[in-house]
Structures are given as structure tokens and as C-alpha cells.
file run.txt (compact mmCIF, N, CA, C and O atoms)
# COMPACT_ATOMS: atom_id res chain seq x y z
N MET A 1349 0.85 -1.18 0.00
CA MET A 1349 0.00 0.00 0.00
C MET A 1349 0.89 1.25 0.00
O MET A 1349 1.96 1.24 0.57
N LYS A 1350 0.37 2.28 -0.62
CA LYS A 1350 1.13 3.51 -0.70
C LYS A 1350 0.36 4.66 -0.08
O LYS A 1350 -0.84 4.57 0.17
N SER A 1351 1.08 5.73 0.19
CA SER A 1351 0.49 6.96 0.73
C SER A 1351 0.34 7.96 -0.40
O SER A 1351 1.05 7.92 -1.40
N TYR A 1352 -0.60 8.91 -0.20
CA TYR A 1352 -0.89 9.90 -1.22
C TYR A 1352 -1.24 11.21 -0.52
O TYR A 1352 -1.99 11.21 0.46
N VAL A 1353 -0.70 12.32 -0.99
CA VAL A 1353 -0.99 13.62 -0.39
C VAL A 1353 -1.74 14.50 -1.37
O VAL A 1353 -1.46 14.51 -2.56
N ILE A 1354 -2.73 15.21 -0.84
CA ILE A 1354 -3.46 16.23 -1.60
C ILE A 1354 -3.25 17.54 -0.85
O ILE A 1354 -3.67 17.67 0.31
N SER A 1355 -2.60 18.48 -1.49
CA SER A 1355 -2.21 19.71 -0.82
C SER A 1355 -2.52 20.95 -1.65
O SER A 1355 -2.36 20.93 -2.87
N GLU A 1356 -2.91 22.01 -0.98
CA GLU A 1356 -3.07 23.31 -1.63
C GLU A 1356 -1.85 24.18 -1.32
O GLU A 1356 -1.73 25.29 -1.78
N ASN A 1357 -0.92 23.64 -0.52
CA ASN A 1357 0.29 24.36 -0.12
C ASN A 1357 1.49 23.73 -0.81
O ASN A 1357 1.78 22.55 -0.61
N ARG A 1358 2.18 24.51 -1.58
CA ARG A 1358 3.31 23.99 -2.37
C ARG A 1358 4.42 23.42 -1.48
O ARG A 1358 4.99 22.37 -1.77
N ASP A 1359 4.73 24.10 -0.37
CA ASP A 1359 5.79 23.63 0.51
C ASP A 1359 5.45 22.28 1.14
O ASP A 1359 6.31 21.40 1.23
N SER A 1360 4.22 22.12 1.57
CA SER A 1360 3.80 20.84 2.15
C SER A 1360 3.86 19.74 1.10
O SER A 1360 4.31 18.62 1.38
N TYR A 1361 3.42 20.04 -0.09
CA TYR A 1361 3.45 19.07 -1.18
C TYR A 1361 4.89 18.64 -1.49
O TYR A 1361 5.19 17.46 -1.59
N LEU A 1362 5.78 19.61 -1.64
CA LEU A 1362 7.18 19.30 -1.95
C LEU A 1362 7.84 18.52 -0.82
O LEU A 1362 8.63 17.60 -1.07
N GLY A 1363 7.53 18.87 0.41
CA GLY A 1363 8.08 18.14 1.56
C GLY A 1363 7.66 16.68 1.56
O GLY A 1363 8.48 15.79 1.82
N MET A 1364 6.42 16.42 1.25
CA MET A 1364 5.94 15.04 1.18
C MET A 1364 6.58 14.31 0.02
O MET A 1364 6.90 13.13 0.13
N GLN A 1365 6.79 14.99 -1.09
CA GLN A 1365 7.46 14.36 -2.23
C GLN A 1365 8.89 13.98 -1.87
O GLN A 1365 9.36 12.91 -2.23
N LEU A 1366 9.57 14.85 -1.14
CA LEU A 1366 10.94 14.55 -0.71
C LEU A 1366 10.97 13.33 0.22
O LEU A 1366 11.97 12.62 0.28
N ALA A 1367 9.87 13.10 0.93
CA ALA A 1367 9.76 11.93 1.81
C ALA A 1367 9.34 10.68 1.04
O ALA A 1367 9.18 9.61 1.61
N GLY A 1368 9.12 10.83 -0.28
CA GLY A 1368 8.77 9.69 -1.10
C GLY A 1368 7.28 9.44 -1.24
O GLY A 1368 6.86 8.37 -1.69
N ILE A 1369 6.46 10.41 -0.86
CA ILE A 1369 5.01 10.26 -0.93
C ILE A 1369 4.49 10.95 -2.18
O ILE A 1369 4.73 12.14 -2.40
N GLU A 1370 3.77 10.20 -3.00
CA GLU A 1370 3.17 10.75 -4.22
C GLU A 1370 2.00 11.65 -3.85
O GLU A 1370 1.45 11.54 -2.76
N GLY A 1371 1.58 12.48 -4.80
CA GLY A 1371 0.43 13.31 -4.53
C GLY A 1371 0.18 14.36 -5.58
O GLY A 1371 0.76 14.32 -6.67
N THR A 1372 -0.68 15.30 -5.21
CA THR A 1372 -1.02 16.39 -6.12
C THR A 1372 -1.04 17.71 -5.37
O THR A 1372 -1.38 17.77 -4.19
N TYR A 1373 -0.67 18.75 -6.09
CA TYR A 1373 -0.71 20.13 -5.58
C TYR A 1373 -1.78 20.85 -6.37
O TYR A 1373 -1.67 21.04 -7.58
N LEU A 1374 -2.87 21.21 -5.69
CA LEU A 1374 -4.03 21.80 -6.35
C LEU A 1374 -4.48 23.05 -5.62
O LEU A 1374 -4.24 23.21 -4.42
N LYS A 1375 -5.20 23.93 -6.32
CA LYS A 1375 -5.62 25.19 -5.73
C LYS A 1375 -7.13 25.33 -5.53
O LYS A 1375 -7.56 25.95 -4.56
N THR A 1376 -7.92 24.79 -6.44
CA THR A 1376 -9.36 25.03 -6.36
C THR A 1376 -10.10 23.89 -5.68
O THR A 1376 -9.62 22.76 -5.65
N LYS A 1377 -11.26 24.22 -5.18
CA LYS A 1377 -12.10 23.22 -4.51
C LYS A 1377 -12.47 22.09 -5.48
O LYS A 1377 -12.43 20.92 -5.11
N ALA A 1378 -12.80 22.42 -6.70
CA ALA A 1378 -13.19 21.41 -7.69
C ALA A 1378 -12.04 20.45 -7.98
O ALA A 1378 -12.25 19.23 -8.07
N GLU A 1379 -10.83 20.98 -8.10
CA GLU A 1379 -9.66 20.14 -8.35
C GLU A 1379 -9.38 19.22 -7.16
O GLU A 1379 -9.10 18.03 -7.34
N ILE A 1380 -9.46 19.77 -5.97
CA ILE A 1380 -9.21 18.99 -4.75
C ILE A 1380 -10.26 17.90 -4.59
O ILE A 1380 -9.94 16.75 -4.27
N GLU A 1381 -11.51 18.24 -4.83
CA GLU A 1381 -12.59 17.26 -4.73
C GLU A 1381 -12.39 16.12 -5.73
O GLU A 1381 -12.54 14.94 -5.38
N ALA A 1382 -12.05 16.45 -6.96
CA ALA A 1382 -11.83 15.42 -7.99
C ALA A 1382 -10.65 14.52 -7.62
O ALA A 1382 -10.73 13.29 -7.76
N ALA A 1383 -9.56 15.11 -7.14
CA ALA A 1383 -8.38 14.32 -6.76
C ALA A 1383 -8.70 13.41 -5.57
O ALA A 1383 -8.24 12.26 -5.52
N PHE A 1384 -9.47 13.90 -4.62
CA PHE A 1384 -9.85 13.11 -3.45
C PHE A 1384 -10.71 11.91 -3.87
O PHE A 1384 -10.47 10.78 -3.43
N LYS A 1385 -11.67 12.14 -4.73
CA LYS A 1385 -12.52 11.05 -5.20
C LYS A 1385 -11.72 10.00 -5.97
O LYS A 1385 -11.96 8.80 -5.81
N GLU A 1386 -10.76 10.44 -6.77
CA GLU A 1386 -9.91 9.51 -7.51
C GLU A 1386 -9.03 8.70 -6.55
O GLU A 1386 -8.83 7.50 -6.74
N ALA A 1387 -8.51 9.37 -5.53
CA ALA A 1387 -7.67 8.67 -4.55
C ALA A 1387 -8.47 7.62 -3.78
O ALA A 1387 -7.95 6.55 -3.46
N LEU A 1388 -9.73 7.91 -3.49
CA LEU A 1388 -10.58 6.94 -2.80
C LEU A 1388 -10.80 5.69 -3.64
O LEU A 1388 -10.92 4.58 -3.11
N LYS A 1389 -10.84 5.85 -4.95
CA LYS A 1389 -11.06 4.73 -5.86
C LYS A 1389 -9.82 3.85 -6.04
O LYS A 1389 -9.95 2.68 -6.37
N ASP A 1390 -8.65 4.41 -5.81
CA ASP A 1390 -7.39 3.68 -6.03
C ASP A 1390 -7.15 2.71 -4.88
O ASP A 1390 -6.88 3.11 -3.75
N LYS A 1391 -7.23 1.42 -5.16
CA LYS A 1391 -7.09 0.38 -4.14
C LYS A 1391 -5.66 0.24 -3.63
O LYS A 1391 -5.43 -0.40 -2.61
N ASP A 1392 -4.67 0.82 -4.34
CA ASP A 1392 -3.28 0.76 -3.90
C ASP A 1392 -2.96 1.79 -2.82
O ASP A 1392 -1.93 1.71 -2.17
N ILE A 1393 -3.83 2.78 -2.65
CA ILE A 1393 -3.59 3.84 -1.67
C ILE A 1393 -4.12 3.41 -0.31
O ILE A 1393 -5.30 3.10 -0.16
N GLY A 1394 -3.22 3.40 0.69
CA GLY A 1394 -3.60 3.01 2.05
C GLY A 1394 -3.83 4.20 2.96
O GLY A 1394 -4.57 4.11 3.94
N ILE A 1395 -3.17 5.32 2.67
CA ILE A 1395 -3.32 6.53 3.47
C ILE A 1395 -3.43 7.73 2.54
O ILE A 1395 -2.62 7.89 1.63
N ILE A 1396 -4.43 8.57 2.79
CA ILE A 1396 -4.56 9.84 2.08
C ILE A 1396 -4.27 10.95 3.08
O ILE A 1396 -4.95 11.06 4.10
N PHE A 1397 -3.24 11.73 2.81
CA PHE A 1397 -2.93 12.90 3.61
C PHE A 1397 -3.55 14.12 2.94
O PHE A 1397 -3.33 14.35 1.76
N LEU A 1398 -4.33 14.89 3.70
CA LEU A 1398 -4.90 16.14 3.21
C LEU A 1398 -4.38 17.27 4.08
O LEU A 1398 -4.41 17.17 5.30
N THR A 1399 -3.89 18.34 3.45
CA THR A 1399 -3.52 19.49 4.26
C THR A 1399 -4.80 20.09 4.83
O THR A 1399 -5.89 19.91 4.29
N GLU A 1400 -4.66 20.79 5.94
CA GLU A 1400 -5.83 21.30 6.65
C GLU A 1400 -6.71 22.18 5.77
O GLU A 1400 -7.94 22.03 5.77
N LYS A 1401 -6.12 23.06 5.01
CA LYS A 1401 -6.92 23.97 4.17
C LYS A 1401 -7.61 23.21 3.04
O LYS A 1401 -8.76 23.50 2.71
N ALA A 1402 -6.91 22.24 2.44
CA ALA A 1402 -7.53 21.43 1.39
C ALA A 1402 -8.70 20.63 1.97
O ALA A 1402 -9.76 20.53 1.35
N SER A 1403 -8.50 20.11 3.16
CA SER A 1403 -9.55 19.35 3.82
C SER A 1403 -10.77 20.23 4.13
O SER A 1403 -11.91 19.80 3.98
N ALA A 1404 -10.51 21.46 4.56
CA ALA A 1404 -11.59 22.38 4.89
C ALA A 1404 -12.43 22.72 3.65
O ALA A 1404 -13.63 22.95 3.75
N MET A 1405 -11.80 22.73 2.48
CA MET A 1405 -12.53 23.03 1.24
C MET A 1405 -13.55 21.95 0.89
O MET A 1405 -14.57 22.24 0.26
N ILE A 1406 -13.26 20.71 1.29
CA ILE A 1406 -14.16 19.59 0.96
C ILE A 1406 -14.55 18.84 2.24
O ILE A 1406 -14.67 17.62 2.27
N GLU A 1407 -14.76 19.59 3.30
CA GLU A 1407 -14.98 19.02 4.64
C GLU A 1407 -16.11 18.00 4.68
O GLU A 1407 -15.96 16.92 5.26
N ASP A 1408 -17.24 18.30 4.07
CA ASP A 1408 -18.37 17.37 4.10
C ASP A 1408 -18.03 16.05 3.40
O ASP A 1408 -18.38 14.97 3.89
N LEU A 1409 -17.34 16.15 2.29
CA LEU A 1409 -16.94 14.96 1.55
C LEU A 1409 -15.96 14.11 2.35
O LEU A 1409 -16.06 12.88 2.38
N VAL A 1410 -15.03 14.76 3.04
CA VAL A 1410 -14.05 14.05 3.87
C VAL A 1410 -14.74 13.33 5.02
O VAL A 1410 -14.47 12.15 5.27
N LEU A 1411 -15.63 14.00 5.71
CA LEU A 1411 -16.35 13.37 6.82
C LEU A 1411 -17.19 12.20 6.34
O LEU A 1411 -17.24 11.15 6.99
N GLU A 1412 -17.85 12.35 5.22
CA GLU A 1412 -18.65 11.28 4.65
C GLU A 1412 -17.78 10.06 4.31
O GLU A 1412 -18.14 8.93 4.60
N ALA A 1413 -16.62 10.32 3.71
CA ALA A 1413 -15.70 9.23 3.34
C ALA A 1413 -15.16 8.52 4.57
O ALA A 1413 -15.02 7.29 4.57
N LYS A 1414 -14.86 9.28 5.63
CA LYS A 1414 -14.36 8.67 6.86
C LYS A 1414 -15.40 7.74 7.48
O LYS A 1414 -15.05 6.71 8.05
N LYS A 1415 -16.65 8.09 7.36
CA LYS A 1415 -17.72 7.26 7.90
C LYS A 1415 -18.00 6.04 7.01
O LYS A 1415 -18.33 4.97 7.51
N LYS A 1416 -17.84 6.21 5.72
CA LYS A 1416 -18.24 5.18 4.75
C LYS A 1416 -17.16 4.14 4.49
O LYS A 1416 -17.47 2.97 4.31
N TYR A 1417 -15.90 4.56 4.44
CA TYR A 1417 -14.82 3.67 4.03
C TYR A 1417 -13.91 3.31 5.20
O TYR A 1417 -13.53 4.16 5.99
N PHE A 1418 -13.56 2.02 5.28
CA PHE A 1418 -12.58 1.57 6.27
C PHE A 1418 -11.17 1.88 5.78
O PHE A 1418 -10.28 2.20 6.56
N SER A 1419 -10.98 1.74 4.49
CA SER A 1419 -9.69 2.01 3.87
C SER A 1419 -9.92 2.84 2.62
O SER A 1419 -10.90 2.61 1.91
N PRO A 1420 -9.13 3.83 2.38
CA PRO A 1420 -7.87 4.21 3.01
C PRO A 1420 -8.08 5.05 4.27
O PRO A 1420 -9.16 5.61 4.48
N LEU A 1421 -7.03 5.11 5.07
CA LEU A 1421 -7.02 5.99 6.23
C LEU A 1421 -6.91 7.41 5.71
O LEU A 1421 -6.04 7.71 4.88
N ILE A 1422 -7.78 8.30 6.17
CA ILE A 1422 -7.76 9.70 5.73
C ILE A 1422 -7.25 10.54 6.89
O ILE A 1422 -7.86 10.55 7.96
N THR A 1423 -6.14 11.23 6.66
CA THR A 1423 -5.49 11.98 7.72
C THR A 1423 -5.31 13.44 7.31
O THR A 1423 -4.85 13.73 6.22
N VAL A 1424 -5.68 14.35 8.22
CA VAL A 1424 -5.51 15.78 7.98
C VAL A 1424 -4.20 16.21 8.64
O VAL A 1424 -3.95 15.90 9.81
N ILE A 1425 -3.36 16.90 7.87
CA ILE A 1425 -2.07 17.34 8.37
C ILE A 1425 -1.98 18.87 8.30
O ILE A 1425 -2.63 19.49 7.45
N PRO A 1426 -1.20 19.48 9.18
CA PRO A 1426 -1.03 20.93 9.11
C PRO A 1426 -0.10 21.30 7.96
O PRO A 1426 0.67 20.47 7.49
N ASP A 1427 -0.19 22.55 7.52
CA ASP A 1427 0.80 23.02 6.57
C ASP A 1427 2.02 23.51 7.36
O ASP A 1427 2.11 23.27 8.57
N ARG A 1428 2.92 24.18 6.73
CA ARG A 1428 4.15 24.56 7.43
C ARG A 1428 3.93 25.58 8.55
O ARG A 1428 4.81 25.83 9.35
N TYR A 1429 2.75 26.18 8.62
CA TYR A 1429 2.44 27.16 9.66
C TYR A 1429 1.74 26.53 10.85
O TYR A 1429 1.40 27.20 11.81
N GLY A 1430 1.47 25.24 10.81
CA GLY A 1430 0.78 24.55 11.90
C GLY A 1430 -0.73 24.58 11.68
O GLY A 1430 -1.23 25.09 10.69
N TYR A 1431 -1.46 23.98 12.63
CA TYR A 1431 -2.91 23.95 12.53
C TYR A 1431 -3.49 25.35 12.71
O TYR A 1431 -3.05 26.10 13.56
N GLN A 1432 -4.49 25.66 11.91
CA GLN A 1432 -5.09 26.99 11.93
C GLN A 1432 -6.36 27.05 12.77
O GLN A 1432 -6.71 28.09 13.30
N ARG A 1433 -7.07 25.91 12.88
CA ARG A 1433 -8.33 25.90 13.63
C ARG A 1433 -8.10 25.28 15.00
O ARG A 1433 -7.36 24.32 15.15
N SER A 1434 -8.80 25.83 16.00
CA SER A 1434 -8.63 25.29 17.35
C SER A 1434 -9.28 23.93 17.49
O SER A 1434 -8.77 23.05 18.15
N GLU A 1435 -10.44 23.74 16.87
CA GLU A 1435 -11.09 22.44 16.89
C GLU A 1435 -11.20 21.94 15.46
O GLU A 1435 -12.01 22.42 14.69
N GLY A 1436 -10.38 21.01 15.12
CA GLY A 1436 -10.33 20.51 13.75
C GLY A 1436 -11.43 19.53 13.44
O GLY A 1436 -12.28 19.21 14.27
N MET A 1437 -11.39 19.06 12.23
CA MET A 1437 -12.38 18.09 11.74
C MET A 1437 -12.34 16.81 12.55
O MET A 1437 -13.37 16.18 12.75
N ILE A 1438 -11.17 16.43 13.01
CA ILE A 1438 -11.05 15.18 13.74
C ILE A 1438 -11.89 15.23 15.01
O ILE A 1438 -12.62 14.28 15.30
N MET A 1439 -11.79 16.32 15.75
CA MET A 1439 -12.60 16.44 16.97
C MET A 1439 -14.08 16.45 16.63
O MET A 1439 -14.89 15.84 17.33
N GLN A 1440 -14.46 17.12 15.57
CA GLN A 1440 -15.85 17.15 15.15
C GLN A 1440 -16.31 15.74 14.80
O GLN A 1440 -17.39 15.31 15.18
N TYR A 1441 -15.47 15.00 14.09
CA TYR A 1441 -15.78 13.63 13.68
C TYR A 1441 -15.94 12.74 14.92
O TYR A 1441 -16.88 11.95 15.01
N ILE A 1442 -15.03 12.88 15.88
CA ILE A 1442 -15.11 12.08 17.11
C ILE A 1442 -16.38 12.40 17.88
O ILE A 1442 -17.10 11.50 18.32
N LYS A 1443 -16.68 13.69 18.06
CA LYS A 1443 -17.90 14.08 18.77
C LYS A 1443 -19.14 13.56 18.08
O LYS A 1443 -20.07 13.09 18.72
N GLU A 1444 -19.16 13.65 16.76
CA GLU A 1444 -20.31 13.17 15.99
C GLU A 1444 -20.46 11.65 16.11
O GLU A 1444 -21.56 11.13 16.26
N SER A 1445 -19.34 10.95 16.09
CA SER A 1445 -19.35 9.49 16.19
C SER A 1445 -19.80 9.03 17.56
O SER A 1445 -20.52 8.03 17.68
N VAL A 1446 -19.38 9.74 18.60
CA VAL A 1446 -19.74 9.39 19.95
C VAL A 1446 -21.16 9.83 20.29
O VAL A 1446 -21.81 9.28 21.16
N GLY A 1447 -21.63 10.84 19.57
CA GLY A 1447 -22.99 11.32 19.77
C GLY A 1447 -23.07 12.53 20.68
O GLY A 1447 -24.09 12.77 21.33
N LEU A 1448 -22.01 13.32 20.71
CA LEU A 1448 -22.04 14.55 21.54
C LEU A 1448 -22.52 15.72 20.74
O LEU A 1448 -22.31 15.86 19.59
call {"tool": "encode", "arguments": {"input": "run.txt", "output": "C-alpha cells"}}
result
Amino acid sequence: MKSYVISENRDSYLGMQLAGIEGTYLKTKAEIEAAFKEALKDKDIGIIFLTEKASAMIEDLVLEAKKKYFSPLITVIPDRYGYQRSEGMIMQYIKESVGL
């Protein structure tokens, strides 16, 4: 299985490439959404890394995919400036799953 990164931040994308992780550097919501859907279809991908801002652009789709699919693992990562939101999608997902 391989990892895949979807990033709207060039530095984060290049850093992941230097670590040997394939991916795409995209700017628009439509591009990010299309790349995410394609990555979900690829059975060779075990982990999808999304930068926080890219994830925020398609937040509903990401949450839906996390609930629907066991694999791949979908992980939100900060860009080079760190996390921007105090309560990220992960906490929202956990609260929703637990029923809070």
C-alpha cells in the first residue's frame, strides 16, 4: 500500500514528495474534490494525507468518506504554519461518532 498527499500548499506538497510520498498540488475546490474522489477509488492507496486547508474546502466529503470507508485511512495534516483551527475536523468527527 502507498500513501498519497493532496495539498493546496506547495511547501507541504514538496516536503511530502521529498519523503517519497506521491500526490497532487491543487488550488481550487473542484480540483481537490476530484483528486480526493480519484484517490478513494485507487485500491493501492492506504493513506490519504490532506492538508488542513484542502480538507476544509471539501470538509463534508471528507467526513462522509471517513464514515463510509474503512480504507484508506484519511489523515488531515497541518501546513508549514501549523494547525489553523482550534477544533479541527477530527474532533468534530469524534464528537459526531460518539454522539455529543
call {"tool": "closest_residue", "arguments": {"input": "run.txt", "among": "A:Thr1376, A:Asp1392, A:Leu1409, A:Thr1399", "to": "Ser1360 of chain A", "atoms": "all atoms listed in the file"}}
result
A:Thr1399
call {"tool": "residues_around", "arguments": {"input": "run.txt", "residues": "Ile1393 of chain A", "least_positions_apart": "4", "cutoff": "7 Å", "atoms": "only N, CA, C and O atoms", "output": "list in words"}}
result
Met1349, Lys1350, Ser1351, Tyr1352, Ala1387, Leu1388, Lys1389, Ser1419, Pro1420 and Leu1421 of chain A
call {"tool": "select_by_dssp", "arguments": {"input": "run.txt", "residues": "chain A", "states": "strand (DSSP E)", "output": "number ranges by chain"}}
result
A: 1350-1355, 1370-1373, 1393-1399, 1421-1425
call {"tool": "write_last_selection", "arguments": {"input": "run.txt", "atoms": "N, CA, C and O atoms", "output": "PDB file, in the frame of the given file"}}
result
ATOM      1  N   LYS A1350       0.370   2.280  -0.620  1.00  0.00           N
ATOM      2  CA  LYS A1350       1.130   3.510  -0.700  1.00  0.00           C
ATOM      3  C   LYS A1350       0.360   4.660  -0.080  1.00  0.00           C
ATOM      4  O   LYS A1350      -0.840   4.570   0.170  1.00  0.00           O
ATOM      5  N   SER A1351       1.080   5.730   0.190  1.00  0.00           N
ATOM      6  CA  SER A1351       0.490   6.960   0.730  1.00  0.00           C
ATOM      7  C   SER A1351       0.340   7.960  -0.400  1.00  0.00           C
ATOM      8  O   SER A1351       1.050   7.920  -1.400  1.00  0.00           O
ATOM      9  N   TYR A1352      -0.600   8.910  -0.200  1.00  0.00           N
ATOM     10  CA  TYR A1352      -0.890   9.900  -1.220  1.00  0.00           C
ATOM     11  C   TYR A1352      -1.240  11.210  -0.520  1.00  0.00           C
ATOM     12  O   TYR A1352      -1.990  11.210   0.460  1.00  0.00           O
ATOM     13  N   VAL A1353      -0.700  12.320  -0.990  1.00  0.00           N
ATOM     14  CA  VAL A1353      -0.990  13.620  -0.390  1.00  0.00           C
ATOM     15  C   VAL A1353      -1.740  14.500  -1.370  1.00  0.00           C
ATOM     16  O   VAL A1353      -1.460  14.510  -2.560  1.00  0.00           O
ATOM     17  N   ILE A1354      -2.730  15.210  -0.840  1.00  0.00           N
ATOM     18  CA  ILE A1354      -3.460  16.230  -1.600  1.00  0.00           C
ATOM     19  C   ILE A1354      -3.250  17.540  -0.850  1.00  0.00           C
ATOM     20  O   ILE A1354      -3.670  17.670   0.310  1.00  0.00           O
ATOM     21  N   SER A1355      -2.600  18.480  -1.490  1.00  0.00           N
ATOM     22  CA  SER A1355      -2.210  19.710  -0.820  1.00  0.00           C
ATOM     23  C   SER A1355      -2.520  20.950  -1.650  1.00  0.00           C
ATOM     24  O   SER A1355      -2.360  20.930  -2.870  1.00  0.00           O
ATOM     25  N   GLU A1370       3.770  10.200  -3.000  1.00  0.00           N
ATOM     26  CA  GLU A1370       3.170  10.750  -4.220  1.00  0.00           C
ATOM     27  C   GLU A1370       2.000  11.650  -3.850  1.00  0.00           C
ATOM     28  O   GLU A1370       1.450  11.540  -2.760  1.00  0.00           O
ATOM     29  N   GLY A1371       1.580  12.480  -4.800  1.00  0.00           N
ATOM     30  CA  GLY A1371       0.430  13.310  -4.530  1.00  0.00           C
ATOM     31  C   GLY A1371       0.180  14.360  -5.580  1.00  0.00           C
ATOM     32  O   GLY A1371       0.760  14.320  -6.670  1.00  0.00           O
ATOM     33  N   THR A1372      -0.680  15.300  -5.210  1.00  0.00           N
ATOM     34  CA  THR A1372      -1.020  16.390  -6.120  1.00  0.00           C
ATOM     35  C   THR A1372      -1.040  17.710  -5.370  1.00  0.00           C
ATOM     36  O   THR A1372      -1.380  17.770  -4.190  1.00  0.00           O
ATOM     37  N   TYR A1373      -0.670  18.750  -6.090  1.00  0.00           N
ATOM     38  CA  TYR A1373      -0.710  20.130  -5.580  1.00  0.00           C
ATOM     39  C   TYR A1373      -1.780  20.850  -6.370  1.00  0.00           C
ATOM     40  O   TYR A1373      -1.670  21.040  -7.580  1.00  0.00           O
ATOM     41  N   ILE A1393      -3.830   2.780  -2.650  1.00  0.00           N
ATOM     42  CA  ILE A1393      -3.590   3.840  -1.670  1.00  0.00           C
ATOM     43  C   ILE A1393      -4.120   3.410  -0.310  1.00  0.00           C
ATOM     44  O   ILE A1393      -5.300   3.100  -0.160  1.00  0.00           O
ATOM     45  N   GLY A1394      -3.220   3.400   0.690  1.00  0.00           N
ATOM     46  CA  GLY A1394      -3.600   3.010   2.050  1.00  0.00           C
ATOM     47  C   GLY A1394      -3.830   4.200   2.960  1.00  0.00           C
ATOM     48  O   GLY A1394      -4.570   4.110   3.940  1.00  0.00           O
ATOM     49  N   ILE A1395      -3.170   5.320   2.670  1.00  0.00           N
ATOM     50  CA  ILE A1395      -3.320   6.530   3.470  1.00  0.00           C
ATOM     51  C   ILE A1395      -3.430   7.730   2.540  1.00  0.00           C
ATOM     52  O   ILE A1395      -2.620   7.890   1.630  1.00  0.00           O
ATOM     53  N   ILE A1396      -4.430   8.570   2.790  1.00  0.00           N
ATOM     54  CA  ILE A1396      -4.560   9.840   2.080  1.00  0.00           C
ATOM     55  C   ILE A1396      -4.270  10.950   3.080  1.00  0.00           C
ATOM     56  O   ILE A1396      -4.950  11.060   4.100  1.00  0.00           O
ATOM     57  N   PHE A1397      -3.240  11.730   2.810  1.00  0.00           N
ATOM     58  CA  PHE A1397      -2.930  12.900   3.610  1.00  0.00           C
ATOM     59  C   PHE A1397      -3.550  14.120   2.940  1.00  0.00           C
ATOM     60  O   PHE A1397      -3.330  14.350   1.760  1.00  0.00           O
ATOM     61  N   LEU A1398      -4.330  14.890   3.700  1.00  0.00           N
ATOM     62  CA  LEU A1398      -4.900  16.140   3.210  1.00  0.00           C
ATOM     63  C   LEU A1398      -4.380  17.270   4.080  1.00  0.00           C
ATOM     64  O   LEU A1398      -4.410  17.170   5.300  1.00  0.00           O
ATOM     65  N   THR A1399      -3.890  18.340   3.450  1.00  0.00           N
ATOM     66  CA  THR A1399      -3.520  19.490   4.260  1.00  0.00           C
ATOM     67  C   THR A1399      -4.800  20.090   4.830  1.00  0.00           C
ATOM     68  O   THR A1399      -5.890  19.910   4.290  1.00  0.00           O
ATOM     69  N   LEU A1421      -7.030   5.110   5.070  1.00  0.00           N
ATOM     70  CA  LEU A1421      -7.020   5.990   6.230  1.00  0.00           C
ATOM     71  C   LEU A1421      -6.910   7.410   5.710  1.00  0.00           C
ATOM     72  O   LEU A1421      -6.040   7.710   4.880  1.00  0.00           O
ATOM     73  N   ILE A1422      -7.780   8.300   6.170  1.00  0.00           N
ATOM     74  CA  ILE A1422      -7.760   9.700   5.730  1.00  0.00           C
ATOM     75  C   ILE A1422      -7.250  10.540   6.890  1.00  0.00           C
ATOM     76  O   ILE A1422      -7.860  10.550   7.960  1.00  0.00           O
ATOM     77  N   THR A1423      -6.140  11.230   6.660  1.00  0.00           N
ATOM     78  CA  THR A1423      -5.490  11.980   7.720  1.00  0.00           C
ATOM     79  C   THR A1423      -5.310  13.440   7.310  1.00  0.00           C
ATOM     80  O   THR A1423      -4.850  13.730   6.220  1.00  0.00           O
ATOM     81  N   VAL A1424      -5.680  14.350   8.220  1.00  0.00           N
ATOM     82  CA  VAL A1424      -5.510  15.780   7.980  1.00  0.00           C
ATOM     83  C   VAL A1424      -4.200  16.210   8.640  1.00  0.00           C
ATOM     84  O   VAL A1424      -3.950  15.900   9.810  1.00  0.00           O
ATOM     85  N   ILE A1425      -3.360  16.900   7.870  1.00  0.00           N
ATOM     86  CA  ILE A1425      -2.070  17.340   8.370  1.00  0.00           C
ATOM     87  C   ILE A1425      -1.980  18.870   8.300  1.00  0.00           C
ATOM     88  O   ILE A1425      -2.630  19.490   7.450  1.00  0.00           O
TER      89      ILE A1425
END
call {"tool": "atom_distance", "arguments": {"input": "run.txt", "atom1": "atom O of Tyr1373 of chain A", "atom2": "atom N of Glu1412 of chain A"}}
result
22.4 Å
call {"tool": "atom_distance", "arguments": {"input": "run.txt", "atom1": "atom CA of Lys1375 of chain A", "atom2": "atom C of Glu1444 of chain A"}}
result
29.7 Å
call {"tool": "decode", "arguments": {"input": "run.txt", "residues": "segment 1377-1383 of chain A", "atoms": "N, CA, C and O atoms", "output": "PDB file, in the first residue's frame"}}
result
ATOM      1  N   LYS A1377     -11.264  24.215  -5.175  1.00  0.00           N
ATOM      2  CA  LYS A1377     -12.105  23.221  -4.514  1.00  0.00           C
ATOM      3  C   LYS A1377     -12.470  22.088  -5.476  1.00  0.00           C
ATOM      4  O   LYS A1377     -12.425  20.917  -5.106  1.00  0.00           O
ATOM      5  N   ALA A1378     -12.803  22.421  -6.702  1.00  0.00           N
ATOM      6  CA  ALA A1378     -13.194  21.409  -7.690  1.00  0.00           C
ATOM      7  C   ALA A1378     -12.039  20.448  -7.978  1.00  0.00           C
ATOM      8  O   ALA A1378     -12.250  19.232  -8.070  1.00  0.00           O
ATOM      9  N   GLU A1379     -10.830  20.981  -8.099  1.00  0.00           N
ATOM     10  CA  GLU A1379      -9.661  20.137  -8.346  1.00  0.00           C
ATOM     11  C   GLU A1379      -9.384  19.215  -7.160  1.00  0.00           C
ATOM     12  O   GLU A1379      -9.096  18.030  -7.339  1.00  0.00           O
ATOM     13  N   ILE A1380      -9.462  19.771  -5.968  1.00  0.00           N
ATOM     14  CA  ILE A1380      -9.208  18.988  -4.753  1.00  0.00           C
ATOM     15  C   ILE A1380     -10.258  17.897  -4.593  1.00  0.00           C
ATOM     16  O   ILE A1380      -9.940  16.750  -4.274  1.00  0.00           O
ATOM     17  N   GLU A1381     -11.506  18.236  -4.829  1.00  0.00           N
ATOM     18  CA  GLU A1381     -12.591  17.258  -4.726  1.00  0.00           C
ATOM     19  C   GLU A1381     -12.393  16.115  -5.730  1.00  0.00           C
ATOM     20  O   GLU A1381     -12.537  14.936  -5.381  1.00  0.00           O
ATOM     21  N   ALA A1382     -12.048  16.448  -6.956  1.00  0.00           N
ATOM     22  CA  ALA A1382     -11.831  15.424  -7.987  1.00  0.00           C
ATOM     23  C   ALA A1382     -10.650  14.521  -7.622  1.00  0.00           C
ATOM     24  O   ALA A1382     -10.730  13.293  -7.761  1.00  0.00           O
ATOM     25  N   ALA A1383      -9.564  15.108  -7.142  1.00  0.00           N
ATOM     26  CA  ALA A1383      -8.381  14.322  -6.758  1.00  0.00           C
ATOM     27  C   ALA A1383      -8.699  13.411  -5.571  1.00  0.00           C
ATOM     28  O   ALA A1383      -8.245  12.262  -5.525  1.00  0.00           O
TER      29      ALA A1383
END
